[in-house]
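File shown: model-v1.cif. Contents: mmCIF, C-alpha atoms.
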```cif
data_final
#
loop_
_atom_site.label_atom_id
_atom_site.label_comp_id
_atom_site.auth_asym_id
_atom_site.auth_seq_id
_atom_site.Cartn_x
_atom_site.Cartn_y
_atom_site.Cartn_z
CA MET A 11 44.33 3.04 -12.48
CA ILE A 12 42.77 5.77 -10.35
CA SER A 13 41.94 7.90 -13.39
CA PHE A 14 40.45 4.83 -15.10
CA ARG A 15 38.07 4.28 -12.19
CA LYS A 16 37.20 7.97 -12.10
CA LYS A 17 36.06 7.66 -15.69
CA TYR A 18 33.30 5.28 -14.65
CA GLU A 19 32.39 7.32 -11.61
CA ASN A 20 31.57 10.20 -13.94
CA TYR A 21 29.22 8.15 -16.09
CA THR A 22 25.48 8.25 -15.56
CA ASP A 23 23.65 5.10 -14.49
CA GLU A 24 22.18 4.82 -17.96
CA GLU A 25 25.61 4.99 -19.59
CA LEU A 26 26.95 2.33 -17.23
CA VAL A 27 24.20 -0.07 -18.29
CA LYS A 28 25.36 0.23 -21.90
CA TYR A 29 28.84 -0.88 -20.85
CA ILE A 30 27.46 -3.66 -18.64
CA VAL A 31 25.56 -5.08 -21.61
CA LYS A 32 28.93 -5.30 -23.40
CA GLY A 33 30.38 -7.25 -20.46
CA ASN A 34 32.36 -4.45 -18.83
CA GLU A 35 33.06 -5.50 -15.23
CA LYS A 36 34.29 -2.08 -14.11
CA ALA A 37 31.00 -0.52 -15.16
CA PHE A 38 29.14 -3.21 -13.25
CA ASP A 39 31.28 -2.63 -10.15
CA GLU A 40 30.48 1.08 -10.25
CA LEU A 41 26.74 0.50 -10.63
CA TYR A 42 26.82 -2.06 -7.82
CA LYS A 43 28.62 0.43 -5.58
CA ARG A 44 25.90 3.02 -6.24
CA TYR A 45 22.89 0.80 -5.66
CA ALA A 46 23.78 -2.23 -3.53
CA GLN A 47 23.25 -0.56 -0.16
CA LYS A 48 20.03 1.20 -1.18
CA MET A 49 18.53 -1.93 -2.69
CA HIS A 50 19.58 -4.03 0.29
CA ALA A 51 17.69 -1.59 2.54
CA PHE A 52 14.68 -1.86 0.21
CA PHE A 53 14.63 -5.66 0.39
CA TYR A 54 15.32 -5.69 4.13
CA ARG A 55 12.39 -3.35 4.78
CA ASN A 56 9.97 -5.15 2.48
CA LEU A 57 10.89 -8.76 3.23
CA GLY A 58 10.26 -8.90 6.95
CA LYS A 59 13.65 -7.47 8.00
CA ASP A 60 15.37 -10.72 7.09
CA VAL A 61 19.06 -9.91 6.47
CA ASN A 62 19.87 -13.24 4.82
CA GLN A 63 16.93 -13.00 2.46
CA ALA A 64 17.85 -9.42 1.61
CA ASN A 65 21.38 -10.60 0.78
CA ASP A 66 20.01 -13.33 -1.49
CA PHE A 67 17.70 -10.92 -3.24
CA ILE A 68 20.52 -8.42 -3.85
CA GLN A 69 22.49 -11.10 -5.67
CA GLU A 70 19.47 -12.12 -7.72
CA LEU A 71 18.66 -8.50 -8.52
CA PHE A 72 22.07 -7.73 -9.99
CA ILE A 73 22.05 -10.97 -11.96
CA LYS A 74 18.80 -9.75 -13.48
CA ILE A 75 20.43 -6.41 -14.28
CA ILE A 76 23.14 -8.24 -16.24
CA GLU A 77 20.71 -10.62 -17.96
CA LYS A 78 18.06 -8.01 -18.78
CA GLY A 79 20.34 -5.05 -19.48
CA LYS A 80 19.52 -5.21 -23.19
CA LEU A 81 15.86 -4.58 -22.35
CA PHE A 82 16.61 -1.31 -20.57
CA ASP A 83 15.54 1.84 -22.42
CA PRO A 84 18.40 4.34 -21.97
CA SER A 85 16.00 7.23 -22.48
CA LYS A 86 14.38 6.27 -19.14
CA LYS A 87 15.81 6.60 -15.65
CA PHE A 88 17.74 3.56 -14.48
CA SER A 89 16.70 4.14 -10.86
CA THR A 90 13.04 3.72 -11.83
CA TRP A 91 13.86 0.53 -13.71
CA ILE A 92 15.85 -1.13 -10.92
CA TYR A 93 13.20 -0.34 -8.32
CA ALA A 94 10.53 -1.75 -10.62
CA ILE A 95 12.49 -5.01 -10.91
CA ALA A 96 13.03 -5.13 -7.13
CA GLY A 97 9.35 -4.43 -6.51
CA ASN A 98 8.34 -7.29 -8.82
CA MET A 99 10.72 -9.61 -6.99
CA CYS A 100 9.04 -8.70 -3.69
CA LYS A 101 5.56 -9.20 -5.15
CA ASN A 102 6.53 -12.64 -6.45
CA GLU A 103 7.89 -13.55 -3.03
CA TYR A 104 4.69 -12.38 -1.32
CA ARG A 105 2.65 -14.53 -3.71
CA ARG A 106 4.88 -17.53 -3.05
CA ILE A 107 4.43 -17.07 0.70
CA GLN A 108 0.68 -16.68 0.32
CA ARG A 109 0.47 -19.97 -1.58
CA HIS A 110 2.50 -22.01 0.88
CA ALA A 111 2.28 -20.38 4.28
CA VAL A 112 -0.49 -20.79 6.83
CA LEU A 113 -2.33 -17.50 7.11
CA GLY A 114 -1.19 -15.80 10.29
CA LEU A 115 -2.74 -12.45 11.10
CA PRO A 116 -2.27 -10.16 14.11
CA THR A 117 -4.61 -10.60 17.05
CA ASP A 118 -5.78 -7.00 16.72
CA LEU A 119 -7.03 -7.73 13.23
CA LYS A 120 -8.74 -10.96 14.25
CA ASP A 121 -10.57 -9.01 16.93
CA ARG A 122 -12.26 -7.13 14.12
CA PHE A 123 -14.11 -10.28 13.09
CA ILE A 124 -14.21 -12.39 16.25
CA ALA A 125 -16.83 -11.70 18.89
CA ASN A 126 -14.88 -13.04 21.86
CA SER A 127 -11.73 -15.09 22.07
CA SER A 128 -12.37 -16.35 25.59
CA SER A 129 -12.82 -20.03 26.36
CA ASP A 130 -16.57 -19.39 26.86
CA ASN A 131 -17.01 -18.70 23.18
CA ASP A 132 -17.85 -21.43 20.66
CA TYR A 133 -15.49 -19.77 18.21
CA ASP A 134 -12.81 -22.09 16.87
CA GLN A 135 -9.54 -20.50 15.82
CA SER A 136 -8.82 -23.06 13.11
CA VAL A 137 -12.32 -22.69 11.66
CA PHE A 138 -11.94 -18.93 11.55
CA GLU A 139 -8.57 -19.21 9.80
CA GLU A 140 -10.07 -21.59 7.26
CA TYR A 141 -13.04 -19.32 6.51
CA LEU A 142 -10.86 -16.24 6.30
CA GLN A 143 -8.48 -17.90 3.86
CA LYS A 144 -11.37 -19.06 1.67
CA GLU A 145 -12.87 -15.59 1.54
CA LEU A 146 -9.52 -14.00 0.76
CA ASN A 147 -9.00 -16.46 -2.08
CA LYS A 148 -12.26 -15.26 -3.60
CA MET A 149 -11.02 -11.67 -3.68
CA GLU A 150 -9.42 -10.17 -6.75
CA ALA A 151 -5.63 -10.47 -6.60
CA PRO A 152 -4.91 -6.71 -6.14
CA HIS A 153 -7.27 -6.48 -3.13
CA ARG A 154 -5.96 -9.67 -1.53
CA GLU A 155 -2.37 -8.58 -2.09
CA CYS A 156 -2.85 -5.18 -0.43
CA PHE A 157 -4.62 -6.80 2.52
CA LEU A 158 -1.87 -9.35 3.13
CA LEU A 159 0.94 -6.86 2.68
CA ARG A 160 -0.73 -4.66 5.29
CA TYR A 161 -1.63 -7.29 7.87
CA GLN A 162 0.60 -10.29 7.18
CA GLN A 163 3.79 -8.51 6.11
CA GLU A 164 2.93 -5.47 8.30
CA LEU A 165 3.90 -2.86 5.71
CA SER A 166 2.64 0.71 5.94
CA ILE A 167 0.30 2.14 3.33
CA LYS A 168 3.18 4.09 1.79
CA GLU A 169 5.42 1.02 1.64
CA ILE A 170 2.68 -1.00 -0.05
CA ALA A 171 2.17 1.78 -2.59
CA ASP A 172 5.91 1.85 -3.30
CA VAL A 173 6.13 -1.92 -3.75
CA LEU A 174 3.04 -2.20 -5.94
CA GLY A 175 3.70 1.00 -7.86
CA CYS A 176 0.26 2.48 -7.28
CA PRO A 177 -1.10 5.57 -5.45
CA GLU A 178 -1.58 5.41 -1.69
CA GLY A 179 -5.26 6.21 -2.21
CA THR A 180 -5.64 3.07 -4.30
CA VAL A 181 -4.04 0.98 -1.55
CA LYS A 182 -6.36 2.49 1.07
CA SER A 183 -9.43 1.85 -1.08
CA ARG A 184 -8.46 -1.77 -1.70
CA ILE A 185 -7.85 -2.44 1.98
CA PHE A 186 -11.12 -0.78 2.98
CA TYR A 187 -13.04 -2.76 0.34
CA THR A 188 -11.43 -6.02 1.49
CA LEU A 189 -12.16 -5.33 5.17
CA LYS A 190 -15.76 -4.47 4.33
CA LYS A 191 -16.25 -7.65 2.32
CA LEU A 192 -14.63 -9.82 4.96
CA SER A 193 -16.78 -8.25 7.64
CA GLU A 194 -19.87 -9.15 5.61
CA LYS A 195 -18.71 -12.69 4.89
CA LEU A 196 -17.51 -13.44 8.43
CA GLN A 197 -20.57 -12.18 10.29
CA TYR A 198 -20.81 -15.51 12.05
CA PHE A 199 -17.67 -14.68 14.00
CA LYS A 200 -18.26 -11.02 14.70
CA PRO A 201 -21.13 -9.14 13.08
CA ASP A 202 -21.37 -5.36 12.88
CA HIS A 203 -17.77 -4.68 13.76
CA LEU A 204 -16.37 -2.77 10.84
CA LYS A 205 -14.83 0.66 11.26
CA LYS A 206 -13.32 2.79 8.54
CA LYS A 207 -10.35 4.41 10.21
CA ASP A 208 -7.60 2.32 8.58
CA TYR A 209 -8.16 3.35 4.98
CA GLU A 210 -8.30 7.01 5.96
CA THR A 211 -4.81 7.12 7.50
CA SER A 212 -1.63 6.16 5.67
CA GLY A 213 0.73 6.83 8.59
CA THR A 214 4.24 5.51 8.88
CA ARG A 215 5.32 2.06 9.80
CA THR A 216 5.38 1.40 13.52
CA GLY A 217 6.42 -2.23 13.40
CA LYS A 218 2.85 -3.45 13.81
CA PRO A 219 -0.53 -2.71 12.22
CA ALA A 220 -2.88 -0.23 13.82
CA SER A 221 -4.78 -1.57 16.78
CA SER A 222 -8.46 -2.42 16.48
CA LYS A 223 -9.23 0.81 18.36
CA GLU A 224 -7.33 2.81 15.74
CA LEU A 225 -9.04 0.96 12.94
#
```
Translate the structure described by the file into structure tokens.
Amino acid sequence: MISFRKKYENYTDEELVKYIVKGNEKAFDELYKRYAQKMHAFFYRNLGKDVNQANDFIQELFIKIIEKGKLFDPSKKFSTWIYAIAGNMCKNEYRRIQRHAVLGLPTDLKDRFIANSSSDNDYDQSVFEEYLQKELNKMEAPHRECFLLRYQQELSIKEIADVLGCPEGTVKSRIFYTLKKLSEKLQYFKPDHLKKKDYETSGTRTGKPASSKEL
């Protein structure tokens, strides 16, 4: 029994997928052992550090591996394929959240557009949220997605690039473009308050977006 298990441990990921397509449970167990922890960490990091959701997504991911195994090209790297599937699952979840959730952005970001949040100001929080959502909806999907991943999901530039499968420079450009457009469209709330620091620095995740001073 030990030698039988060792046989699968010596197979490449790509070879294991071939056996999984044929319904081999031992091959599946070996692939699961190799990737479950790494993919759980990926989902945990990119889905708001929600352990339960990460657990659910792990199950769904490996079901997809079984169902879509026939579509895998064995001449390609399996690791690239599984991360691409996981990334698409995250993107679909972000889009679902964007459709149904009330837009909630960090105070530091709102300060970029709002002149003064004191009670002396005529500014109305709900009105601002409504205008911001409308303007975001007018943006092209890639720009809106990068913006919300950065400020709503609080991912770093590098994490966004990993999830979307695009260069960090592209993410920075999209965020900068979106901030510039929003600043122009929301002048009523806070004119002439756009700085360019954010798109110039990828940084690492700190648990919150850069402050308005850093941006």
- Task: Give me the residues within 12 Å of Trp91 (chain A) as a ChimeraX atom specification, counting all atoms listed in the file and dropping any in the same chain fewer than 5 places off.
- Result: /A:23-24,27,71,74-75,78-79,81-86,96-98,175
Go ahead and dump the residues you just picked, C-alpha atoms, as a PDB file, in the frame of the given file.
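What follows is the written file selection-v6.pdb:
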```
ATOM      1  CA  ASP A  23      23.650   5.100 -14.490  1.00  0.00           C
ATOM      2  CA  GLU A  24      22.180   4.820 -17.960  1.00  0.00           C
ATOM      3  CA  VAL A  27      24.200  -0.070 -18.290  1.00  0.00           C
ATOM      4  CA  LEU A  71      18.660  -8.500  -8.520  1.00  0.00           C
ATOM      5  CA  LYS A  74      18.800  -9.750 -13.480  1.00  0.00           C
ATOM      6  CA  ILE A  75      20.430  -6.410 -14.280  1.00  0.00           C
ATOM      7  CA  LYS A  78      18.060  -8.010 -18.780  1.00  0.00           C
ATOM      8  CA  GLY A  79      20.340  -5.050 -19.480  1.00  0.00           C
ATOM      9  CA  LEU A  81      15.860  -4.580 -22.350  1.00  0.00           C
ATOM     10  CA  PHE A  82      16.610  -1.310 -20.570  1.00  0.00           C
ATOM     11  CA  ASP A  83      15.540   1.840 -22.420  1.00  0.00           C
ATOM     12  CA  PRO A  84      18.400   4.340 -21.970  1.00  0.00           C
ATOM     13  CA  SER A  85      16.000   7.230 -22.480  1.00  0.00           C
ATOM     14  CA  LYS A  86      14.380   6.270 -19.140  1.00  0.00           C
ATOM     15  CA  ALA A  96      13.030  -5.130  -7.130  1.00  0.00           C
ATOM     16  CA  GLY A  97       9.350  -4.430  -6.510  1.00  0.00           C
ATOM     17  CA  ASN A  98       8.340  -7.290  -8.820  1.00  0.00           C
ATOM     18  CA  GLY A 175       3.700   1.000  -7.860  1.00  0.00           C
TER      19      GLY A 175
END
```
- To verify the selection step, state as a PyMOL selection string which residues the PyMOL selection byres ((chain A and resi 53) around 12) yields on this input. chain A and resi 46-52+54-71+93+95-101+103+169+173
Write a file of the selected residues as a compact mmCIF listing (two decimals), in the coordinates of the input, keeping C-alpha atoms.
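And here's part27.txt as it stands now:
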```txt
# COMPACT_ATOMS: atom_id res chain seq x y z
CA ALA A 46 23.78 -2.23 -3.53
CA GLN A 47 23.25 -0.56 -0.16
CA LYS A 48 20.03 1.20 -1.18
CA MET A 49 18.53 -1.93 -2.69
CA HIS A 50 19.58 -4.03 0.29
CA ALA A 51 17.69 -1.59 2.54
CA PHE A 52 14.68 -1.86 0.21
CA TYR A 54 15.32 -5.69 4.13
CA ARG A 55 12.39 -3.35 4.78
CA ASN A 56 9.97 -5.15 2.48
CA LEU A 57 10.89 -8.76 3.23
CA GLY A 58 10.26 -8.90 6.95
CA LYS A 59 13.65 -7.47 8.00
CA ASP A 60 15.37 -10.72 7.09
CA VAL A 61 19.06 -9.91 6.47
CA ASN A 62 19.87 -13.24 4.82
CA GLN A 63 16.93 -13.00 2.46
CA ALA A 64 17.85 -9.42 1.61
CA ASN A 65 21.38 -10.60 0.78
CA ASP A 66 20.01 -13.33 -1.49
CA PHE A 67 17.70 -10.92 -3.24
CA ILE A 68 20.52 -8.42 -3.85
CA GLN A 69 22.49 -11.10 -5.67
CA GLU A 70 19.47 -12.12 -7.72
CA LEU A 71 18.66 -8.50 -8.52
CA TYR A 93 13.20 -0.34 -8.32
CA ILE A 95 12.49 -5.01 -10.91
CA ALA A 96 13.03 -5.13 -7.13
CA GLY A 97 9.35 -4.43 -6.51
CA ASN A 98 8.34 -7.29 -8.82
CA MET A 99 10.72 -9.61 -6.99
CA CYS A 100 9.04 -8.70 -3.69
CA LYS A 101 5.56 -9.20 -5.15
CA GLU A 103 7.89 -13.55 -3.03
CA GLU A 169 5.42 1.02 1.64
CA VAL A 173 6.13 -1.92 -3.75
```
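Our summary of the geometry notes that CA of Leu165 (chain A) is positioned 22.4 Å from CA of Lys148 (chain A).
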- Item | Computed interatomic separation between CA of Leu192 (chain A) and CA of Leu142 (chain A) (Å) |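 Straight-line distance from CA of Leu192 (chain A) to CA of Leu142 (chain A) works out to 7.6 Å.
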- Take CA of Cys156 (chain A) and CA of Lys182 (chain A) and report the distance between them in Å, one decimal.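 Computing it gives 8.6 Å between the two atoms.
Between Arg105 (chain A) and the residues A:Ala151, A:Leu146, A:Ile76, A:Ile92, the shortest atom-to-atom distance, using all atoms listed in the file, involves A:Ala151.
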- Task: Identify which of the residues A:Glu178, A:Glu145, A:Glu164, A:Glu40 lies closest to Glu194 (chain A), counting only C-alpha atoms when measuring atom-to-atom distances.
- Result: A:Glu145
Kindly add N, CA and C atoms to the incomplete region 33-50 of chain A and provide the output as a compact mmCIF listing (two decimals), keeping the file's coordinate frame.
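Everything below was put into result_17.txt:
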```
# COMPACT_ATOMS: atom_id res chain seq x y z
N GLY A 33 29.56 -6.39 -21.30
CA GLY A 33 30.38 -7.25 -20.46
C GLY A 33 31.47 -6.53 -19.69
N ASN A 34 31.34 -5.23 -19.53
CA ASN A 34 32.36 -4.45 -18.83
C ASN A 34 32.20 -4.59 -17.31
N GLU A 35 33.16 -5.24 -16.67
CA GLU A 35 33.06 -5.50 -15.23
C GLU A 35 33.24 -4.24 -14.40
N LYS A 36 34.08 -3.32 -14.86
CA LYS A 36 34.29 -2.08 -14.11
C LYS A 36 33.01 -1.26 -14.05
N ALA A 37 32.28 -1.24 -15.13
CA ALA A 37 31.00 -0.52 -15.16
C ALA A 37 30.02 -1.17 -14.19
N PHE A 38 30.02 -2.49 -14.17
CA PHE A 38 29.14 -3.21 -13.25
C PHE A 38 29.52 -2.90 -11.80
N ASP A 39 30.82 -2.91 -11.50
CA ASP A 39 31.28 -2.63 -10.15
C ASP A 39 30.82 -1.24 -9.69
N GLU A 40 30.88 -0.28 -10.59
CA GLU A 40 30.48 1.08 -10.25
C GLU A 40 28.97 1.16 -9.99
N LEU A 41 28.19 0.49 -10.82
CA LEU A 41 26.74 0.50 -10.63
C LEU A 41 26.36 -0.21 -9.33
N TYR A 42 27.06 -1.31 -9.06
CA TYR A 42 26.82 -2.06 -7.82
C TYR A 42 27.13 -1.18 -6.61
N LYS A 43 28.23 -0.44 -6.69
CA LYS A 43 28.62 0.43 -5.58
C LYS A 43 27.54 1.49 -5.32
N ARG A 44 26.91 1.97 -6.38
CA ARG A 44 25.90 3.02 -6.24
C ARG A 44 24.59 2.50 -5.65
N TYR A 45 24.24 1.26 -5.98
CA TYR A 45 22.89 0.80 -5.66
C TYR A 45 22.79 -0.34 -4.65
N ALA A 46 23.86 -1.04 -4.38
CA ALA A 46 23.78 -2.23 -3.53
C ALA A 46 23.20 -1.91 -2.15
N GLN A 47 23.70 -0.88 -1.53
CA GLN A 47 23.25 -0.56 -0.16
C GLN A 47 21.79 -0.11 -0.15
N LYS A 48 21.42 0.72 -1.11
CA LYS A 48 20.03 1.20 -1.18
C LYS A 48 19.06 0.06 -1.44
N MET A 49 19.44 -0.83 -2.36
CA MET A 49 18.53 -1.93 -2.69
C MET A 49 18.48 -2.96 -1.58
N HIS A 50 19.59 -3.11 -0.86
CA HIS A 50 19.58 -4.03 0.29
C HIS A 50 18.59 -3.50 1.34
```
